[in-house]
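Peer 1: Here you go, coords-v7.txt (compact mmCIF, C-alpha atoms):
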# COMPACT_ATOMS: atom_id res chain seq x y z
CA MET A 29 35.80 -16.58 39.67
CA SER A 30 36.70 -13.39 41.51
CA LYS A 31 35.70 -10.06 40.04
CA ARG A 32 37.66 -9.08 36.95
CA ARG A 33 39.71 -5.90 37.23
CA GLY A 34 38.67 -3.40 34.56
CA LEU A 35 40.95 -2.17 31.82
CA CYS A 36 41.81 1.19 30.30
CA LEU A 37 40.92 1.41 26.61
CA VAL A 38 42.70 4.28 24.89
CA LEU A 39 41.39 5.45 21.53
CA ALA A 40 43.72 7.76 19.65
CA ALA A 41 43.27 9.12 16.15
CA PRO A 42 43.93 12.12 13.97
CA SER A 43 41.11 14.64 13.77
CA GLY A 44 38.59 13.45 11.19
CA ALA A 45 39.25 9.73 11.58
CA GLY A 46 35.87 9.17 13.21
CA LYS A 47 36.97 8.69 16.80
CA THR A 48 34.17 10.69 18.42
CA THR A 49 31.45 8.79 16.55
CA LEU A 50 33.07 5.46 17.33
CA SER A 51 33.56 6.29 21.02
CA ARG A 52 29.92 7.30 21.42
CA ALA A 53 28.64 4.16 19.71
CA LEU A 54 30.93 1.96 21.78
CA LEU A 55 29.84 3.60 25.05
CA GLU A 56 26.16 3.36 24.12
CA GLN A 57 26.34 -0.36 23.43
CA ASP A 58 28.38 -1.31 26.47
CA ASP A 59 27.24 -0.83 30.06
CA ALA A 60 30.56 -1.98 31.48
CA LEU A 61 32.43 0.81 29.70
CA LEU A 62 32.70 4.32 31.14
CA LEU A 63 34.16 7.44 29.59
CA SER A 64 37.02 9.01 31.50
CA VAL A 65 36.26 12.70 31.98
CA SER A 66 39.38 14.87 31.85
CA MET A 67 40.12 17.93 33.97
CA THR A 68 40.97 21.17 32.26
CA THR A 69 41.85 24.71 33.19
CA ARG A 70 40.47 26.19 30.00
CA ALA A 71 37.19 28.10 30.07
CA ARG A 72 33.92 26.31 29.56
CA ARG A 73 32.47 26.80 26.08
CA PRO A 74 28.79 27.25 25.31
CA GLY A 75 27.03 23.88 25.45
CA GLU A 76 29.71 22.21 27.56
CA LYS A 77 28.66 20.69 30.88
CA ASP A 78 30.96 20.53 33.88
CA GLY A 79 31.56 16.88 34.79
CA THR A 80 30.34 15.61 31.42
CA HIS A 81 32.62 17.13 28.82
CA TYR A 82 35.34 18.12 31.27
CA HIS A 83 35.83 18.87 34.93
CA PHE A 84 36.56 22.59 34.74
CA ILE A 85 38.99 23.57 37.49
CA ALA A 86 41.36 26.39 38.41
CA GLN A 87 45.02 26.24 37.41
CA GLU A 88 46.13 26.29 41.04
CA ARG A 89 44.11 23.21 41.89
CA PHE A 90 45.37 21.48 38.74
CA ASP A 91 48.98 22.21 39.68
CA ASP A 92 48.36 20.90 43.21
CA MET A 93 47.02 17.65 41.78
CA VAL A 94 50.04 17.25 39.51
CA ALA A 95 52.33 17.88 42.48
CA ALA A 96 50.43 15.33 44.58
CA GLY A 97 50.69 12.70 41.82
CA LYS A 98 46.94 12.59 41.46
CA LEU A 99 46.91 12.75 37.64
CA LEU A 100 47.53 9.70 35.49
CA GLU A 101 48.49 11.83 32.51
CA TYR A 102 48.45 15.52 31.69
CA ALA A 103 49.52 18.01 29.08
CA ARG A 104 49.64 21.73 28.48
CA VAL A 105 48.18 22.96 25.19
CA PHE A 106 48.10 26.65 24.22
CA GLY A 107 48.69 27.61 27.86
CA ARG A 108 45.85 25.49 29.22
CA SER A 109 46.20 22.27 31.20
CA TYR A 110 44.40 18.99 30.58
CA GLY A 111 44.68 15.82 32.63
CA THR A 112 43.12 12.59 33.89
CA PRO A 113 42.49 12.27 37.63
CA ARG A 114 43.61 8.94 39.07
CA GLY A 115 40.85 8.45 41.68
CA PRO A 116 37.81 7.77 39.48
CA VAL A 117 39.81 5.51 37.15
CA GLU A 118 41.14 3.39 40.01
CA ALA A 119 37.65 3.13 41.53
CA ALA A 120 36.17 2.01 38.20
CA LEU A 121 38.84 -0.62 37.51
CA THR A 122 38.52 -2.05 41.00
CA ALA A 123 34.75 -2.29 40.52
CA GLY A 124 35.33 -4.28 37.32
CA GLN A 125 34.38 -1.42 35.02
CA ASP A 126 36.38 -0.57 31.92
CA VAL A 127 37.32 3.01 31.17
CA LEU A 128 37.53 4.64 27.74
CA PHE A 129 40.13 7.38 27.19
CA ASP A 130 40.02 9.91 24.41
CA ILE A 131 43.65 11.05 24.54
CA ASP A 132 46.61 11.35 22.16
CA TRP A 133 49.73 9.22 21.83
CA GLN A 134 51.58 11.19 24.48
CA GLY A 135 48.76 10.70 26.97
CA PHE A 136 48.70 7.01 26.06
CA HIS A 137 52.38 6.61 26.95
CA GLN A 138 51.94 8.46 30.24
CA LEU A 139 48.88 6.39 31.12
CA ARG A 140 50.63 3.13 30.33
CA ALA A 141 53.60 4.16 32.46
CA ALA A 142 51.24 5.07 35.33
CA MET A 143 49.17 1.87 35.13
CA PRO A 144 51.26 -0.82 33.48
CA GLY A 145 49.22 -3.90 32.62
CA ASP A 146 45.90 -2.05 32.68
CA VAL A 147 46.13 -0.15 29.40
CA VAL A 148 45.11 -1.24 25.90
CA GLY A 149 45.86 1.25 23.14
CA VAL A 150 43.98 1.40 19.85
CA PHE A 151 44.91 3.74 17.06
CA ILE A 152 42.12 4.60 14.63
CA LYS A 153 43.46 5.26 11.18
CA PRO A 154 41.74 6.88 8.23
CA PRO A 155 41.94 4.67 5.12
CA SER A 156 44.40 7.16 3.64
CA LEU A 157 45.56 10.75 4.05
CA GLU A 158 43.62 11.64 0.91
CA VAL A 159 40.38 10.26 2.37
CA LEU A 160 41.06 12.18 5.58
CA ARG A 161 41.53 15.40 3.61
CA GLN A 162 38.23 14.84 1.79
CA ARG A 163 36.44 14.23 5.10
CA LEU A 164 37.79 17.43 6.61
CA ILE A 165 36.77 19.43 3.54
CA LYS A 166 33.34 17.78 3.50
CA ARG A 167 32.66 18.60 7.15
CA GLY A 168 33.31 22.25 6.42
CA ASP A 169 36.80 22.91 7.76
CA THR A 170 38.42 26.00 6.20
CA PRO A 171 41.40 25.42 3.86
CA GLU A 172 43.73 26.68 6.62
CA GLN A 173 42.17 24.31 9.16
CA VAL A 174 42.45 21.45 6.68
CA GLU A 175 46.17 22.11 6.11
CA GLU A 176 46.81 22.50 9.84
CA ARG A 177 44.93 19.27 10.66
CA MET A 178 46.58 17.34 7.86
CA LYS A 179 50.01 18.27 9.22
CA HIS A 180 48.94 17.26 12.71
CA ALA A 181 47.37 14.04 11.38
CA GLU A 182 50.58 12.95 9.69
CA ALA A 183 52.45 13.47 12.94
CA GLU A 184 49.82 11.48 14.90
CA ILE A 185 49.78 8.63 12.39
CA SER A 186 53.55 8.29 12.65
CA HIS A 187 52.89 7.02 16.20
CA ALA A 188 50.27 4.44 15.21
CA ALA A 189 52.68 1.51 15.52
CA GLU A 190 53.21 2.30 19.22
CA PHE A 191 49.65 1.18 19.96
CA ASP A 192 48.52 -2.39 20.58
CA TYR A 193 45.92 -2.39 17.83
CA ILE A 194 45.29 -0.47 14.64
CA VAL A 195 41.74 -0.12 13.35
CA GLU A 196 41.29 1.33 9.91
CA ASN A 197 38.06 3.30 9.73
CA HIS A 198 37.03 2.70 6.15
CA ASP A 199 33.49 1.74 7.13
CA LEU A 200 32.03 2.88 10.45
CA ASP A 201 30.15 -0.36 11.19
CA VAL A 202 33.20 -2.50 10.48
CA ALA A 203 35.43 -0.27 12.58
CA LEU A 204 32.92 -0.38 15.44
CA ALA A 205 32.76 -4.18 15.26
CA ASP A 206 36.57 -4.20 15.32
CA LEU A 207 36.62 -2.10 18.49
CA ARG A 208 33.98 -4.28 20.14
CA ALA A 209 35.99 -7.40 19.31
CA ILE A 210 39.16 -5.86 20.75
CA LEU A 211 37.36 -4.90 23.96
CA ARG A 212 35.76 -8.34 24.26
CA ALA A 213 39.05 -10.13 23.63
CA CYS A 214 40.94 -7.96 26.10
CA ARG A 215 38.38 -8.82 28.77
CA LEU A 216 39.11 -12.50 28.13
CA ALA A 217 42.86 -12.08 28.45
CA THR A 218 44.22 -14.47 31.05
CA LYS A 219 46.01 -11.74 32.95
CA ARG A 220 42.67 -9.96 33.49
CA GLN A 221 40.84 -12.98 34.81
CA GLY A 222 40.49 -13.73 38.49
CA MET B 1 48.94 -2.11 3.31
CA SER B 2 51.03 -5.20 2.62
CA LYS B 3 49.52 -8.62 3.19
CA ARG B 4 49.02 -9.53 6.82
CA ARG B 5 50.95 -12.57 8.02
CA GLY B 6 48.57 -15.19 9.41
CA LEU B 7 48.56 -16.33 13.00
CA CYS B 8 48.42 -19.67 14.79
CA LEU B 9 45.35 -20.03 16.99
CA VAL B 10 45.72 -22.82 19.52
CA LEU B 11 42.61 -24.15 21.22
CA ALA B 12 43.26 -26.34 24.22
CA ALA B 13 40.70 -27.79 26.60
CA PRO B 14 39.97 -30.81 28.74
CA SER B 15 37.86 -33.51 27.12
CA GLY B 16 34.18 -32.56 27.36
CA ALA B 17 34.70 -28.78 27.41
CA GLY B 18 33.21 -28.41 23.92
CA LYS B 19 36.38 -27.78 21.95
CA THR B 20 35.48 -29.92 18.94
CA THR B 21 32.08 -28.25 18.50
CA LEU B 22 33.60 -24.79 18.89
CA SER B 23 36.45 -25.50 16.47
CA ARG B 24 34.05 -26.75 13.81
CA ALA B 25 31.77 -23.75 14.14
CA LEU B 26 34.70 -21.35 14.05
CA LEU B 27 36.15 -22.97 10.91
CA GLU B 28 32.76 -23.01 9.19
CA GLN B 29 32.21 -19.28 9.72
CA ASP B 30 35.67 -18.13 8.77
CA ASP B 31 37.23 -18.61 5.34
CA ALA B 32 40.57 -17.21 6.43
CA LEU B 33 40.98 -19.91 9.07
CA LEU B 34 42.35 -23.37 8.24
CA LEU B 35 42.61 -26.42 10.45
CA SER B 36 46.12 -27.77 10.95
CA VAL B 37 46.08 -31.49 10.21
CA SER B 38 48.48 -33.45 12.41
CA MET B 39 50.62 -36.39 11.40
CA THR B 40 50.33 -39.60 13.35
CA THR B 41 51.83 -43.07 13.33
CA ARG B 42 48.79 -44.69 14.87
CA ALA B 43 46.49 -46.82 12.73
CA ARG B 44 43.59 -45.23 10.92
CA ARG B 45 40.25 -45.89 12.60
CA PRO B 46 36.97 -46.58 10.77
CA GLY B 47 35.55 -43.34 9.40
CA GLU B 48 38.86 -41.48 9.54
CA LYS B 49 40.15 -39.98 6.30
CA ASP B 50 43.84 -39.60 5.52
CA GLY B 51 44.65 -35.91 5.13
CA THR B 52 41.45 -34.78 6.83
CA HIS B 53 41.56 -36.19 10.34
CA TYR B 54 45.28 -36.96 10.29
CA HIS B 55 48.09 -37.61 7.90
CA PHE B 56 48.75 -41.28 8.63
CA ILE B 57 52.44 -42.03 8.18
CA ALA B 58 55.01 -44.67 9.12
CA GLN B 59 57.09 -44.30 12.29
CA GLU B 60 60.31 -44.18 10.29
CA ARG B 61 59.16 -41.24 8.23
CA PHE B 62 57.93 -39.51 11.37
CA ASP B 63 61.30 -39.96 13.07
CA ASP B 64 63.07 -38.63 9.96
CA MET B 65 60.92 -35.49 10.06
CA VAL B 66 61.69 -34.95 13.74
CA ALA B 67 65.40 -35.36 13.03
CA ALA B 68 65.20 -32.89 10.14
CA GLY B 69 63.41 -30.30 12.30
CA LYS B 70 60.33 -30.46 10.10
CA LEU B 71 57.83 -30.71 12.96
CA LEU B 72 56.67 -27.68 14.90
CA GLU B 73 55.55 -29.78 17.83
CA TYR B 74 55.21 -33.47 18.52
CA ALA B 75 54.46 -35.95 21.27
CA ARG B 76 54.39 -39.65 21.91
CA VAL B 77 51.20 -41.03 23.45
CA PHE B 78 50.74 -44.74 24.25
CA GLY B 79 53.63 -45.59 21.94
CA ARG B 80 52.26 -43.63 18.97
CA SER B 81 53.63 -40.37 17.62
CA TYR B 82 51.66 -37.23 16.80
CA GLY B 83 53.04 -34.02 15.34
CA THR B 84 52.51 -30.88 13.28
CA PRO B 85 54.47 -30.51 10.02
CA ARG B 86 56.05 -27.09 9.62
CA GLY B 87 55.67 -26.71 5.82
CA PRO B 88 51.89 -26.29 5.44
CA VAL B 89 51.72 -23.96 8.45
CA GLU B 90 54.47 -21.69 7.14
CA ALA B 91 52.85 -21.62 3.69
CA ALA B 92 49.46 -20.68 5.17
CA LEU B 93 50.84 -17.90 7.39
CA THR B 94 52.81 -16.41 4.51
CA ALA B 95 49.65 -16.43 2.38
CA GLY B 96 47.85 -14.48 5.12
CA GLN B 97 45.80 -17.44 6.30
CA ASP B 98 45.32 -18.23 9.96
CA VAL B 99 45.74 -21.76 11.23
CA LEU B 100 43.75 -23.45 13.98
CA PHE B 101 45.51 -26.02 16.18
CA ASP B 102 43.76 -28.62 18.27
CA ILE B 103 46.65 -29.51 20.60
CA ASP B 104 47.31 -29.69 24.34
CA TRP B 105 49.30 -27.35 26.61
CA GLN B 106 52.55 -29.13 25.88
CA GLY B 107 52.05 -28.78 22.13
CA PHE B 108 51.17 -25.12 22.69
CA HIS B 109 54.47 -24.45 24.43
CA GLN B 110 56.44 -26.25 21.72
CA LEU B 111 54.59 -24.38 18.97
CA ARG B 112 55.17 -21.02 20.65
CA ALA B 113 58.86 -21.80 21.03
CA ALA B 114 59.05 -22.79 17.33
CA MET B 115 57.16 -19.74 16.03
CA PRO B 116 57.46 -16.96 18.59
CA GLY B 117 55.17 -14.06 17.79
CA ASP B 118 52.84 -16.11 15.61
CA VAL B 119 50.99 -18.06 18.28
CA VAL B 120 47.85 -17.14 20.21
CA GLY B 121 46.74 -19.63 22.84
CA VAL B 122 43.17 -19.98 24.08
CA PHE B 123 42.18 -22.31 26.87
CA ILE B 124 38.54 -23.42 26.86
CA LYS B 125 37.34 -24.07 30.36
CA PRO B 126 34.20 -25.86 31.48
CA PRO B 127 32.14 -23.70 33.90
CA SER B 128 33.17 -26.05 36.70
CA LEU B 129 34.53 -29.55 37.26
CA GLU B 130 31.08 -30.65 38.37
CA VAL B 131 29.52 -29.44 35.10
CA LEU B 132 32.27 -31.24 33.19
CA ARG B 133 31.52 -34.47 35.07
CA GLN B 134 27.81 -34.17 34.24
CA ARG B 135 28.61 -33.60 30.56
CA LEU B 136 30.83 -36.68 30.41
CA ILE B 137 28.16 -38.80 32.11
CA LYS B 138 25.47 -37.39 29.83
CA ARG B 139 27.40 -38.18 26.66
CA GLY B 140 27.65 -41.79 27.73
CA ASP B 141 31.19 -42.19 29.05
CA THR B 142 31.56 -45.19 31.38
CA PRO B 143 32.22 -44.47 35.08
CA GLU B 144 35.86 -45.50 34.59
CA GLN B 145 36.22 -43.20 31.57
CA VAL B 146 34.62 -40.38 33.53
CA GLU B 147 37.07 -40.78 36.42
CA GLU B 148 40.03 -41.06 34.06
CA ARG B 149 38.97 -37.95 32.11
CA MET B 150 38.24 -35.95 35.25
CA LYS B 151 41.75 -36.64 36.51
CA HIS B 152 43.19 -35.64 33.16
CA ALA B 153 40.94 -32.55 33.03
CA GLU B 154 42.16 -31.29 36.39
CA ALA B 155 45.74 -31.61 35.18
CA GLU B 156 44.94 -29.76 31.92
CA ILE B 157 43.06 -26.98 33.71
CA SER B 158 46.05 -26.40 35.98
CA HIS B 159 47.81 -25.09 32.84
CA ALA B 160 45.03 -22.70 31.78
CA ALA B 161 46.85 -19.62 33.07
CA GLU B 162 49.74 -20.29 30.67
CA PHE B 163 47.48 -19.40 27.73
CA ASP B 164 46.82 -15.88 26.43
CA TYR B 165 43.06 -16.12 26.78
CA ILE B 166 40.61 -18.15 28.82
CA VAL B 167 37.12 -18.76 27.46
CA GLU B 168 34.59 -20.32 29.79
CA ASN B 169 32.20 -22.51 27.84
CA HIS B 170 29.03 -22.04 29.84
CA ASP B 171 26.96 -21.30 26.75
CA LEU B 172 28.11 -22.46 23.32
CA ASP B 173 26.99 -19.32 21.45
CA VAL B 174 28.67 -17.00 23.92
CA ALA B 175 31.88 -19.03 23.88
CA LEU B 176 31.86 -19.02 20.07
CA ALA B 177 31.39 -15.25 20.00
CA ASP B 178 34.27 -14.97 22.47
CA LEU B 179 36.53 -16.99 20.17
CA ARG B 180 35.51 -14.97 17.14
CA ALA B 181 36.27 -11.73 19.01
CA ILE B 182 39.69 -13.03 20.05
CA LEU B 183 40.52 -14.02 16.48
CA ARG B 184 39.30 -10.70 15.10
CA ALA B 185 41.23 -8.70 17.69
CA CYS B 186 44.42 -10.69 17.15
CA ARG B 187 44.19 -9.95 13.44
CA LEU B 188 44.08 -6.23 14.31
CA ALA B 189 47.13 -6.38 16.56
CA THR B 190 49.71 -3.84 15.42
CA LYS B 191 52.47 -6.42 15.27
CA ARG B 192 50.44 -8.39 12.70
CA GLN B 193 49.74 -5.47 10.43
CA GLY B 194 51.85 -4.64 7.40
Could I get this file's structure written as structure tokens?

Peer 2:
Amino acid sequence: MSKRRGLCLVLAAPSGAGKTTLSRALLEQDDALLLSVSMTTRARRPGEKDGTHYHFIAQERFDDMVAAGKLLEYARVFGRSYGTPRGPVEAALTAGQDVLFDIDWQGFHQLRAAMPGDVVGVFIKPPSLEVLRQRLIKRGDTPEQVEERMKHAEAEISHAAEFDYIVENHDLDVALADLRAILRACRLATKRQG
Amino acid sequence: MSKRRGLCLVLAAPSGAGKTTLSRALLEQDDALLLSVSMTTRARRPGEKDGTHYHFIAQERFDDMVAAGKLLEYARVFGRSYGTPRGPVEAALTAGQDVLFDIDWQGFHQLRAAMPGDVVGVFIKPPSLEVLRQRLIKRGDTPEQVEERMKHAEAEISHAAEFDYIVENHDLDVALADLRAILRACRLATKRQG
């Protein structure tokens, strides 16, 4: 069998649904899965490493890349740009590596449009909005942050049905096993086999 | 969340690929998965139990069911009829149970046409035709049976790409884990969630 082309696994979730923990665990357990590192024009924060958390670049270079069609998806948030460079993703897929994307539903739609057939979208849902609220409070968010994030979460969740899979994160181990099963199954899809 | 509608999991494979062993193991480990029992007009063989291996029925009744549209798929092999009754499958899916089908590529296409959206097809492939030949010889098939089955296997395998997933049965445990992942992922598909 010829070498399998990799796939793009998008994980989207409202803040507090457990996406970061799940992504890390998934990446740790799976050598064939790489994290896509986004580019951003925002300033580096203490503790952040260039090339690991983000590629920190100047706005001019970002705009040049957009103009040259070198970004698979991008967005502007609070006056700062964020995007996914096409080159590393293409190289990984061709080498048979899968790539994990931590982006929102808008990024998911852009990515799917840019690479039709390569993208699998998973939406991670909290068991309920009430559970999400409790988690945000428990992790120490201020009441204002909680209200802000709850509003944002409701908006995100309204897009859940646009994804290929929905994983409810009631229990972290179960949700992780769900994600691993989805990744394994997607690798066995006929259209991804040589 | 409302009750998930079940799905139809079709396993197809050439003789000797390990389908029977895999089906049994899958059914044993999974309470939400039921085996679809076919109807047939052929005579019961020693050791076969009515309602377990097949529903043994008269040709006239079979033909009546075909005429009434009560079979999801059917075929005639060596003058005997085989088919899947619609009633039990519909009842299982509505109750949120998944149903396993041991049918060939033609049955798969009929089933998919009868229940679009409910059917997931998995083709189980031997690692190679040579390995398949060795397995058939090892299990005691006569040289004529081996040749006959190899010819039939090549024809079956030519339809593998029409299925949603391809599982290569090189190692039984790995292939079983593949099938379990596919089933788990398909249950998480957005279109199957409430």

Peer 1: I'd like the contact shell of range 170-176 of chain A - 10 Å cut-off, all atoms listed in the file, skipping same-chain residues fewer than 6 positions apart - returned as a PyMOL selection string.

Peer 2: chain A and resi 43-44+160-164

Peer 1: Which residues of chain B have any atom within 6 Å of an atom in chain A when counting only C-alpha atoms, and what is the closest pair of atoms for each, with the distance in Å to one decimal? Order the rows by chain and rising number and write it as CSV.

Peer 2:
residue,atom,partner,partner_atom,distance
B:Asp164,CA,A:Thr218,CA,5.5
B:Tyr165,CA,A:Ala217,CA,4.4
B:Ile166,CA,A:Thr218,CA,5.6
B:Ala181,CA,A:Ala209,CA,4.3
B:Ile182,CA,A:Ala213,CA,4.7
B:Ala185,CA,A:Ile210,CA,4.7
B:Leu188,CA,A:Tyr193,CA,5.5
B:Ala189,CA,A:Tyr193,CA,4.4
B:Thr190,CA,A:Tyr193,CA,4.7

Peer 1: Considering all atoms listed in the file, return as a list in words whatever protein or nucleic-acid residues lie within 10 Å of Thr41 in chain B, sequence-local ones (same chain, fewer than 3 positions apart) excluded.

Peer 2: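 In the requested format, the answer is Arg44, Tyr54, His55, Phe56, Ile57, Ala58, Gln59, Glu60, Arg61, Phe62, Asp63, Arg76, Gly79, Arg80, Ser81, Tyr82 and Gly83 of chain B.
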
Peer 1: Would you kindly return, as a JSON list (two decimals) with C-alpha atoms, in the frame of the given file, each protein, DNA or RNA residue with an atom no farther than 6 Å from any atom of range 25-33 of chain B, considering all atoms listed in the file and excluding same-chain residues fewer than 6 positions away?

Peer 2:
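Generated file (around-v3.json):
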[["chain", "number", "residue", "atom", "x", "y", "z"],
["B", 97, "GLN", "CA", 45.80, -17.44, 6.30],
["B", 98, "ASP", "CA", 45.32, -18.23, 9.96],
["B", 99, "VAL", "CA", 45.74, -21.76, 11.23]]

Peer 1: Just want the 10 Å neighbourhood of Ala113 in chain B, counted on only C-alpha atoms, with same-chain residues fewer than 6 positions away dropped. Output as a ChimeraX atom specification.

Peer 2: /B:72-73,107,119

Peer 1: Keeping C-alpha atoms, export the residues of the selection given above as a PDB file, in the frame of the given file.

Peer 2:
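Ended up saving to out-v8.pdb:
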ATOM      1  CA  LEU B  72      56.670 -27.680  14.900  1.00  0.00           C
ATOM      2  CA  GLU B  73      55.550 -29.780  17.830  1.00  0.00           C
ATOM      3  CA  GLY B 107      52.050 -28.780  22.130  1.00  0.00           C
ATOM      4  CA  VAL B 119      50.990 -18.060  18.280  1.00  0.00           C
TER       5      VAL B 119
END

Peer 1: What is the CA of Gly18 in chain B to CA of Val120 in chain B distance in Å?

Peer 2: 18.8 Å

Peer 1: As an exercise, work out the distance from CA of Ser158 in chain B to CA of Ile103 in chain B in Å and give it to one decimal place.

Peer 2: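 Spanning CA of Ser158 in chain B to CA of Ile103 in chain B is a straight-line distance of 15.7 Å.
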
Peer 1: The centre and edge lengths of an axis-aligned box containing all atoms of range 37-47 of chain B present in the file, extended by 6 Å on each side, are to be given in Å to one decimal, as lines of an AutoDock Vina configuration file.

Peer 2:
center_x = 43.7
center_y = -39.2
center_z = 12.1
size_x = 28.3
size_y = 27.3
size_z = 17.5

Peer 1: Suppose you want the space between CA of Ser66 in chain A and CA of His187 in chain A; what is it in Å?

Peer 2: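 Value for the CA of Ser66 in chain A-CA of His187 in chain A distance: 22.1 Å.
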
Peer 1: With only C-alpha atoms as the atoms that count, which of B:Ala12, B:Ala95, B:Ala43, B:Ala114 lies nearest to Lys70 in chain B?

Peer 2: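 Result for the nearest residue to Lys70 in chain B: B:Ala114.
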
Peer 1: Pick the closest to Ala41 in chain A from A:Asp146, A:Glu184, A:Glu118, A:Asp92: which is it, counting all atoms listed in the file?

Peer 2: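 Closest residue, counting all atoms listed in the file: A:Glu184.
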